[in-house]
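Novice: Dropping a structure here in structure tokens format, bear with me for questions.
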Number of protein chains: 2
Amino acid sequence: MDTRDKNASRATSAITRIVVLGFGNIGQALLPLLCAPSGPGVPIRLIDERMRPEQIAQIERARPPSGGPVPGWRRQRITRDNLAAVLDGEVGPGTLVINLATSIGSRDLIEWTQQRQAFYLDTCIDPWDYQDGVLAQADNTNYRLREEVLALQAAQRAGGTPQPTAVVAHGANPGLVSLLVKRGLQMLAAREGGVGGALAPQTPLDWARLAEALGVRVIQIAERDSQAPAGGRRPDEFVNTWSVDGFVAEALQPAELGWGSHEEGGPMAARVHHHAQGCRAAVYLAQAGAHTPVRSWSPGAGAFTGRLISHNESISIADFLTVPDPAQPDPRRPRYRPTVYYAYHPCDLAMASLGLLAEGTRAAIRAQRVLKDEIVSGVDELGVLLLSDRHPALWLGSQLDIDRARALAPCNNATSLQVVGSMMAAIAWIEAHPRAGIVESEALDHDAVLAHAAPCWAPIVHAFADWHPQPGRAVRRWTLDEFLVRPD
Amino acid sequence: MDTRDKNASRATSAITRIVVLGFGNIGQALLPLLCAPSGPGVPIRLIDERMRPEQIAQIERARPPSGGPVPGWRRQRITRDNLAAVLDGEVGPGTLVINLATSIGSRDLIEWTQQRQAFYLDTCIDPWDYQDGVLAQADNTNYRLREEVLALQAAQRAGGTPQPTAVVAHGANPGLVSLLVKRGLQMLAAREGGVGGALAPQTPLDWARLAEALGVRVIQIAERDSQAPAGGRRPDEFVNTWSVDGFVAEALQPAELGWGSHEEGGPMAARVHHHAQGCRAAVYLAQAGAHTPVRSWSPGAGAFTGRLISHNESISIADFLTVPDPAQPDPRRPRYRPTVYYAYHPCDLAMASLGLLAEGTRAAIRAQRVLKDEIVSGVDELGVLLLSDRHPALWLGSQLDIDRARALAPCNNATSLQVVGSMMAAIAWIEAHPRAGIVESEALDHDAVLAHAAPCWAPIVHAFADWHPQPGRAVRRWTLDEFLVRPD
């Protein structure tokens with residue numbers, strides 16, 4: 001963190017107002033933290049197309065730390081067509097717009113907030129409309145969504161004028177896990193006594209060279225959620241520990257992953273689809289992530305079979321850790337890049353609910369439920385798993401359990417608290433760095449942001465393990481073929 | 001039921017003693033019914049290789065209705081080699097041997113009990129050893145296991161002397177569902193005003209001709225279990241509402257199904273494997289049932305995606321309902337046969353536990369648990385789904401819920417009570433028909449057996465529905481391709 005920026009932000013608060021779009025699971029979990037004594041202490045507005053009585057009741061119970069007015073709210077659907085008209089009177093310079101709606105196109109909203117000199121934060125780059133089950137083309141990929149935001153960033157940087165900070169795709173994952181990757185690389189470097197000043201890389205290329213020097217081949221975001229309620233679900237009900245719409249949308253996107261420079265040959269290499277434009281750090285499979293079982297490991301769960309769910313961080317981390325080959329103009333063939341993807345085992349009731357997506361659509365879902373108050377036990381074990389040629393497997397992340405999450409913040413479970421804890425850290429970073437323009441999580445100062453989020457992620461643990469997806473193998477290869485569970 | 005037999009059995013009881021092999025989930029559920037006032041009222045012996053303290057405590061609490069001695073028990077593993085020696089002093093003429101162990105080869109035990117003039121009952125034809133994940137050959141199929149028993153039956157019938165009754169594979173399913181199929185065919189016939197005296201078929205061929213006349217193409221055993229406990233499972237724990245060993249064994253067998261005469265052509269027809277010997281009524285796929293999603297329907301759950309788990313009744317019902325073609329010597333090409341298979345959605349925690357079988361082995365299972373007392377809600381909806389060219393889909397079966405199951409019998413959940421209720425009906429049938437030799441469920445008098453089991457299956461409901469696995473189709477075909485969910 002830059003000390004001058006920090007002092008400047010203390011003198012005059014950069015964020016003067018917060019407008020939250022979408023008051024669902026994460027919005028409801030965030031509000032108590034925004035209103036806590038440690039929160040930003042500015043007026044809050046909440047906009048959602050539904051605003052059911054229990055949502056309104058929660059808002060009316062909330063009070064900012066100063067004892068000021070309760071948050072304002074508005075029942076309003078935001079579309080591509082009414083975006084400017086609806087937000088015109090809500091957002092001005094100094095407003096932080098937090099986009100938590102899955103139905104608002106992030107790129108357009110970022111562009112509009114930048115024009116308004118407003119700040120921006122979201123936990124995922126959303127399109128205006130997800131196209132469930134569109135698998136065989138790049139249209140429905142997170143890659144495409146990210147490239148649209150990168151194009152906006154590039155145009156802005158070309159303009160040269162510093163712009164208000166917009167932190168994109170910064171929740172738990174995508175988000176804080178990118179900073180755990182940095183921390184994990186430093187931990188591996190420390191095992192080697194520090195690879196040539198590697199303990200304090202400065203530029204993205206420094207980080208990429210460090211990962212290369214450490215022989216890191218695969219980075220999984222490895223999550224095993226064991227939270228469970230009393231009782232079951234209706235057969236046509238989709239149950240999850242966070243937004244059902246959000247999870248279903250990503251589970252029905254093509255499986256996407258950052259594509260490592262070591263992935264030469266093999267059956268899977270022949271099946272992946274490359275992109276024609278953009279950073280080209282990632283590829284996709286013409287199959288839904290919900291239907292792509294993948295081998296993973298976490299310290300509490302041990303070996304488990306998750307799903308390779310498309311996520312922004314798979315692409316952004318792989319892009320961030322790319323060492324280009326100056327002699328090779330094809331960006332698909334860098335000197336170094338790790339393979340990066342999300343291996344997710346949601347809570348068991350969500351795992352069972354995935355049966356409703358068997359047809360590749362959400363048509364079989366007749367009801368949905370986000371587990372919060374009815375959870376009786378469980379841990380959301382969420383971390384990064386760094387797999388290297390030269391080191392044992394390193395898992396670094398959170399083992400937050402439901403009891404601790406509840407004790408820390410009302411209206412939360414372990415999953416939501418990891419997200420909103422990360423968002424609160426990002427808000428502090430925006431306050432300290434108000435003119436950073438559009439940035440991804442990888443660009444944030446990981447020590448400061450991790451320190452801010454740590455209480456909401458505790459216990460943060462790390463474990464080294466002699467793990468390989470094929471336990472019997474004499475020679476340990478790290479290609480995708482070793483990890484994917486093939487259908488019979 | 002034949003009235004003379006019934007009266008005869010009342011005069012002198014045929015069954016004089018009961019020896020139960022295996023005192024796991026089903027044995028523990030059966031004991032209270034055996035000791036109830038309506039039970040057989042004969043001495044009971046329980047043999048299991050484990051006999052943990054809580055099992056012994058349950059036995060010591062049990063008393064036969066006459067107030068006689070508590071059941072005897074013995075801690076003993078039974079193997080191929082010690083079978084005769086262990087059972088020699090336990091089993092004689094008039095003893096009913098109930099085989100509930102998954103590790104005792106049914107065929108050998110049936111042969112031995114027949115030699116001893118003892119009665120026999122099991123809920124599944126088990127081998128001495130399951131071969132998990134052996135998929136590409138017929139070795140590990142239920143078809144082979146059934147053919148071995150049929151060979152024993154054929155040899156016995158060739159001998160001409162009436163033998164003690166051995167009811168094979170008669171639990172809930174396999175078992176009572178075969179009798180529900182008969183009842184369901186009669187219900188469809190009644191819709192047509194009775195197809196030429198079809199309301200009272202006598203021989204197996206009569207039943208097969210009735211199914212043919214009704215245009216029945218597919219018979220699913222359609223089960224959706226929604227029983228759920230408070231809380232979840234450990235990540236490496238396999239949780240189920242009945243024997244984990246039993247379910248895992250069948251889930252890792254190849255998917256097997258009775259193969260209908262209408263299944264000509266299509267991608268799946270090209271992928272099935274036929275058998276070289278035997279009745280040839282069934283085929284198998286070189287993929288585990290656990291990994292074979294299939295579309296099904298039940299009245300409570302609506303459309304659901306189950307797994308095509310190999311089961312004896314898929315084969316025996318298809319064999320029973322075959323109308324041979326006298327002009328065609330190839331038994332794979334009968335004039336008529338329905339496609340028959342089990343479409344099973346176990347309870348959600350079991351569905352999630354199937355993730356532990358992703359590698360096609362049980363190696364990832366470190367603990368197992370059968371849900372009984374900790375269930376807080378749910379229904380085991382188990383029935384037969386008859387799909388015909390000429391009638392709406394008919395589902396007929398049990399919607400027994402956990403509360404009713406508990407009220408009816410201690411030590412039970414809905415799943416176990418359906419099994420043991422069916423077994424008690426079979427015991428009554430053996431008592432009434434003590435010299436029937438080796439018989440399958442299809443041979444039992446369905447009115448009497450269903451009436452006996454009905455209290456344990458209540459409510460037994462039926463529903464007609466305009467259901468097809470591909471809702472949008474203008475032309476409704478009933479081939480396997482319509483039902484199987486393909487991997488991406």
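We label chains A, B, ... in the order they appear in the structure tokens, count residues from 1 in each chain, and number ligands from 1 in the order shown.
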Write out as a ChimeraX atom specification all residues of region 205-427 of chain B that DSSP puts in helix (DSSP H, G or I) for this structure's backbone.

Specialist: /B:205-213,244-251,267-271,289-291,312-320,348-357,402-408,414-427

Novice: Restricting it to C-alpha atoms, dump the selection as an mmCIF file, in the first residue's frame.

Specialist:
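New file again.cif:
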data_model
loop_
_atom_site.group_PDB
_atom_site.id
_atom_site.type_symbol
_atom_site.label_atom_id
_atom_site.label_comp_id
_atom_site.auth_asym_id
_atom_site.auth_seq_id
_atom_site.Cartn_x
_atom_site.Cartn_y
_atom_site.Cartn_z
ATOM 1 C CA LEU B 205 -47.093 -66.101 -21.067
ATOM 2 C CA ASP B 206 -50.556 -64.706 -20.280
ATOM 3 C CA TRP B 207 -48.904 -61.801 -18.471
ATOM 4 C CA ALA B 208 -46.469 -61.221 -21.309
ATOM 5 C CA ARG B 209 -49.272 -61.250 -23.886
ATOM 6 C CA LEU B 210 -51.207 -58.778 -21.769
ATOM 7 C CA ALA B 211 -48.225 -56.394 -21.626
ATOM 8 C CA GLU B 212 -47.857 -56.767 -25.392
ATOM 9 C CA ALA B 213 -51.548 -56.106 -26.011
ATOM 10 C CA VAL B 244 -23.680 -48.659 1.952
ATOM 11 C CA ASP B 245 -21.838 -51.841 0.941
ATOM 12 C CA GLY B 246 -24.916 -53.049 -0.882
ATOM 13 C CA PHE B 247 -25.517 -49.819 -2.756
ATOM 14 C CA VAL B 248 -21.870 -49.285 -3.656
ATOM 15 C CA ALA B 249 -21.595 -52.830 -4.990
ATOM 16 C CA GLU B 250 -24.521 -52.421 -7.370
ATOM 17 C CA ALA B 251 -23.599 -48.844 -8.295
ATOM 18 C CA PRO B 267 -26.912 -44.960 -30.764
ATOM 19 C CA MET B 268 -27.577 -46.788 -27.503
ATOM 20 C CA ALA B 269 -28.671 -49.982 -29.243
ATOM 21 C CA ALA B 270 -25.226 -50.022 -30.817
ATOM 22 C CA ARG B 271 -23.527 -49.640 -27.452
ATOM 23 C CA GLY B 289 -24.668 -47.592 -13.113
ATOM 24 C CA ALA B 290 -23.430 -44.828 -10.790
ATOM 25 C CA HIS B 291 -22.292 -42.972 -13.899
ATOM 26 C CA ASN B 312 -32.120 -58.313 -10.597
ATOM 27 C CA GLU B 313 -35.706 -57.231 -11.290
ATOM 28 C CA SER B 314 -34.682 -55.473 -14.509
ATOM 29 C CA ILE B 315 -33.794 -58.886 -15.836
ATOM 30 C CA SER B 316 -36.436 -61.067 -14.205
ATOM 31 C CA ILE B 317 -39.363 -58.810 -15.171
ATOM 32 C CA ALA B 318 -38.125 -58.560 -18.767
ATOM 33 C CA ASP B 319 -37.699 -62.321 -18.903
ATOM 34 C CA PHE B 320 -41.139 -62.876 -17.354
ATOM 35 C CA ASP B 348 -29.438 -36.395 -1.510
ATOM 36 C CA LEU B 349 -26.569 -37.256 0.821
ATOM 37 C CA ALA B 350 -26.152 -40.567 -1.018
ATOM 38 C CA MET B 351 -26.326 -38.732 -4.332
ATOM 39 C CA ALA B 352 -23.544 -36.459 -3.112
ATOM 40 C CA SER B 353 -21.655 -39.499 -1.783
ATOM 41 C CA LEU B 354 -21.596 -40.942 -5.312
ATOM 42 C CA GLY B 355 -18.842 -38.404 -5.938
ATOM 43 C CA LEU B 356 -16.617 -40.774 -3.942
ATOM 44 C CA LEU B 357 -17.098 -43.359 -6.708
ATOM 45 C CA ILE B 402 -40.205 -41.365 7.658
ATOM 46 C CA ASP B 403 -42.802 -40.443 10.279
ATOM 47 C CA ARG B 404 -45.192 -43.189 9.264
ATOM 48 C CA ALA B 405 -42.358 -45.717 8.995
ATOM 49 C CA ARG B 406 -41.249 -44.894 12.539
ATOM 50 C CA ALA B 407 -44.778 -45.135 13.871
ATOM 51 C CA LEU B 408 -45.158 -48.600 12.333
ATOM 52 C CA ALA B 414 -38.986 -45.621 5.083
ATOM 53 C CA THR B 415 -36.506 -47.513 2.898
ATOM 54 C CA SER B 416 -35.956 -50.428 5.258
ATOM 55 C CA LEU B 417 -39.640 -50.797 6.075
ATOM 56 C CA GLN B 418 -40.484 -51.239 2.393
ATOM 57 C CA VAL B 419 -37.910 -54.032 2.263
ATOM 58 C CA VAL B 420 -38.869 -55.858 5.431
ATOM 59 C CA GLY B 421 -42.596 -55.424 4.822
ATOM 60 C CA SER B 422 -42.083 -57.209 1.543
ATOM 61 C CA MET B 423 -40.022 -59.924 3.230
ATOM 62 C CA MET B 424 -42.703 -60.557 5.847
ATOM 63 C CA ALA B 425 -45.207 -61.027 3.012
ATOM 64 C CA ALA B 426 -42.808 -63.532 1.399
ATOM 65 C CA ILE B 427 -42.452 -65.435 4.682
#

Novice: At a cut-off of 9 Å, can you tabulate as a Markdown table every residue of chain B near chain A together with its closest atom pair and the distance in Å to one decimal, using only C-alpha atoms and ordering rows by chain then number?

Specialist:
| residue | atom | partner | partner_atom | distance |
| --- | --- | --- | --- | --- |
| B:Arg224 | CA | A:Pro235 | CA | 8.1 |
| B:Asp225 | CA | A:Pro235 | CA | 8.9 |
| B:Ser226 | CA | A:Gly232 | CA | 6.8 |
| B:Gln227 | CA | A:Gly232 | CA | 6.8 |
| B:Ala228 | CA | A:Gly232 | CA | 4.7 |
| B:Pro229 | CA | A:Gly231 | CA | 5.0 |
| B:Ala230 | CA | A:Ala230 | CA | 3.4 |
| B:Gly231 | CA | A:Ala228 | CA | 4.8 |
| B:Gly232 | CA | A:Ala228 | CA | 4.7 |
| B:Arg233 | CA | A:Ser226 | CA | 7.3 |
| B:Arg234 | CA | A:Ser226 | CA | 7.4 |
| B:Pro235 | CA | A:Ala301 | CA | 5.4 |
| B:Asp236 | CA | A:Ala301 | CA | 6.9 |
| B:Ala286 | CA | A:Asp488 | CA | 7.7 |
| B:Gln287 | CA | A:Asp488 | CA | 5.3 |
| B:Ala288 | CA | A:Asp488 | CA | 7.4 |
| B:His291 | CA | A:Asp488 | CA | 7.1 |
| B:Thr292 | CA | A:Asp488 | CA | 8.6 |
| B:Pro293 | CA | A:Ala358 | CA | 7.9 |
| B:Gly300 | CA | A:Pro235 | CA | 8.3 |
| B:Ala301 | CA | A:Pro235 | CA | 5.3 |
| B:Gly302 | CA | A:Asp236 | CA | 7.6 |
| B:Ala303 | CA | A:Ala364 | CA | 7.7 |
| B:Phe304 | CA | A:Leu356 | CA | 7.3 |
| B:Thr305 | CA | A:Gly355 | CA | 6.2 |
| B:Gly306 | CA | A:Gly355 | CA | 8.1 |
| B:Cys347 | CA | A:Gly232 | CA | 8.6 |
| B:Asp348 | CA | A:Ala352 | CA | 5.4 |
| B:Leu349 | CA | A:Asp348 | CA | 6.3 |
| B:Ala350 | CA | A:Ala352 | CA | 8.5 |
| B:Met351 | CA | A:Ala352 | CA | 5.6 |
| B:Ala352 | CA | A:Asp348 | CA | 5.4 |
| B:Ser353 | CA | A:Asp348 | CA | 8.1 |
| B:Gly355 | CA | A:Thr305 | CA | 6.2 |
| B:Leu356 | CA | A:Thr305 | CA | 7.2 |
| B:Ala358 | CA | A:Val485 | CA | 7.0 |
| B:Glu359 | CA | A:Val485 | CA | 7.1 |
| B:Gly360 | CA | A:Asp488 | CA | 8.9 |
| B:Ala364 | CA | A:Ala303 | CA | 7.8 |
| B:Ile375 | CA | A:Gly231 | CA | 7.4 |
| B:Val376 | CA | A:Gly231 | CA | 5.6 |
| B:Ser377 | CA | A:Gly231 | CA | 5.9 |
| B:Gly378 | CA | A:Gly232 | CA | 7.4 |
| B:Val485 | CA | A:Ala358 | CA | 6.9 |
| B:Arg486 | CA | A:Glu359 | CA | 8.8 |
| B:Pro487 | CA | A:Pro487 | CA | 6.7 |
| B:Asp488 | CA | A:Gln287 | CA | 5.2 |

Novice: Using DSSP assignments from the backbone, pull out every residue in region 110-285 of chain B that falls under strand (DSSP E) and give it to me as a VMD selection string.

Specialist: chain B and resid 119 to 122 166 to 168 216 to 225 228 to 229 237 to 240 254 to 258 273 to 274 282 to 285

Novice: Quick one: residues within 12 Å of Arg476 (chain B), only C-alpha atoms counted, chain neighbours fewer than 5 positions away excluded, as a ChimeraX atom specification?

Specialist: /B:217,387-390,392,466-471,481-483

Novice: Just checking: using only C-alpha atoms, which residue out of B:Thr479, B:Ser441, B:Thr141, B:Ser106 ends up closest to Trp259 (chain B)?

Specialist: B:Thr479

Novice: Any idea what's packed within 7 Å of region 77-88 of chain B, counting only C-alpha atoms, ignoring anything in its chain fewer than 2 positions away? Could you give it as an MDAnalysis selection string?

Specialist: chainID B and resid 48:49 90:91 104

Novice: Could you please take those selected residues and save N, CA, C and O atoms as a PDB file, in the first residue's frame?

Specialist:
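So out-v3.pdb came out as:
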ATOM      1  N   ASP B  48     -23.745 -62.909  12.435  1.00  0.00           N
ATOM      2  CA  ASP B  48     -23.087 -61.801  11.741  1.00  0.00           C
ATOM      3  C   ASP B  48     -21.622 -61.803  12.156  1.00  0.00           C
ATOM      4  O   ASP B  48     -21.297 -62.153  13.292  1.00  0.00           O
ATOM      5  N   GLU B  49     -20.762 -61.390  11.243  1.00  0.00           N
ATOM      6  CA  GLU B  49     -19.336 -61.402  11.586  1.00  0.00           C
ATOM      7  C   GLU B  49     -18.964 -60.290  12.562  1.00  0.00           C
ATOM      8  O   GLU B  49     -17.924 -60.351  13.203  1.00  0.00           O
ATOM      9  N   GLU B  90     -27.010 -75.318  12.778  1.00  0.00           N
ATOM     10  CA  GLU B  90     -28.002 -74.240  12.874  1.00  0.00           C
ATOM     11  C   GLU B  90     -29.251 -74.509  12.049  1.00  0.00           C
ATOM     12  O   GLU B  90     -30.323 -74.009  12.364  1.00  0.00           O
ATOM     13  N   VAL B  91     -29.086 -75.256  10.966  1.00  0.00           N
ATOM     14  CA  VAL B  91     -30.138 -75.343   9.949  1.00  0.00           C
ATOM     15  C   VAL B  91     -30.543 -76.789   9.730  1.00  0.00           C
ATOM     16  O   VAL B  91     -29.683 -77.655   9.517  1.00  0.00           O
ATOM     17  N   ILE B 104     -22.160 -63.242   1.107  1.00  0.00           N
ATOM     18  CA  ILE B 104     -22.441 -64.680   1.029  1.00  0.00           C
ATOM     19  C   ILE B 104     -23.057 -64.983  -0.334  1.00  0.00           C
ATOM     20  O   ILE B 104     -24.078 -64.399  -0.712  1.00  0.00           O
TER      21      ILE B 104
END

Novice: Show which residues sit within 12 Å of Ile44 (chain B), as a VMD selection string. Count only C-alpha atoms, and ignore same-chain residues fewer than 5 positions away.

Specialist: chain B and resid 15 to 21 27 30 to 35 39 59 62 to 65 68 to 74 90 to 91 95 to 98
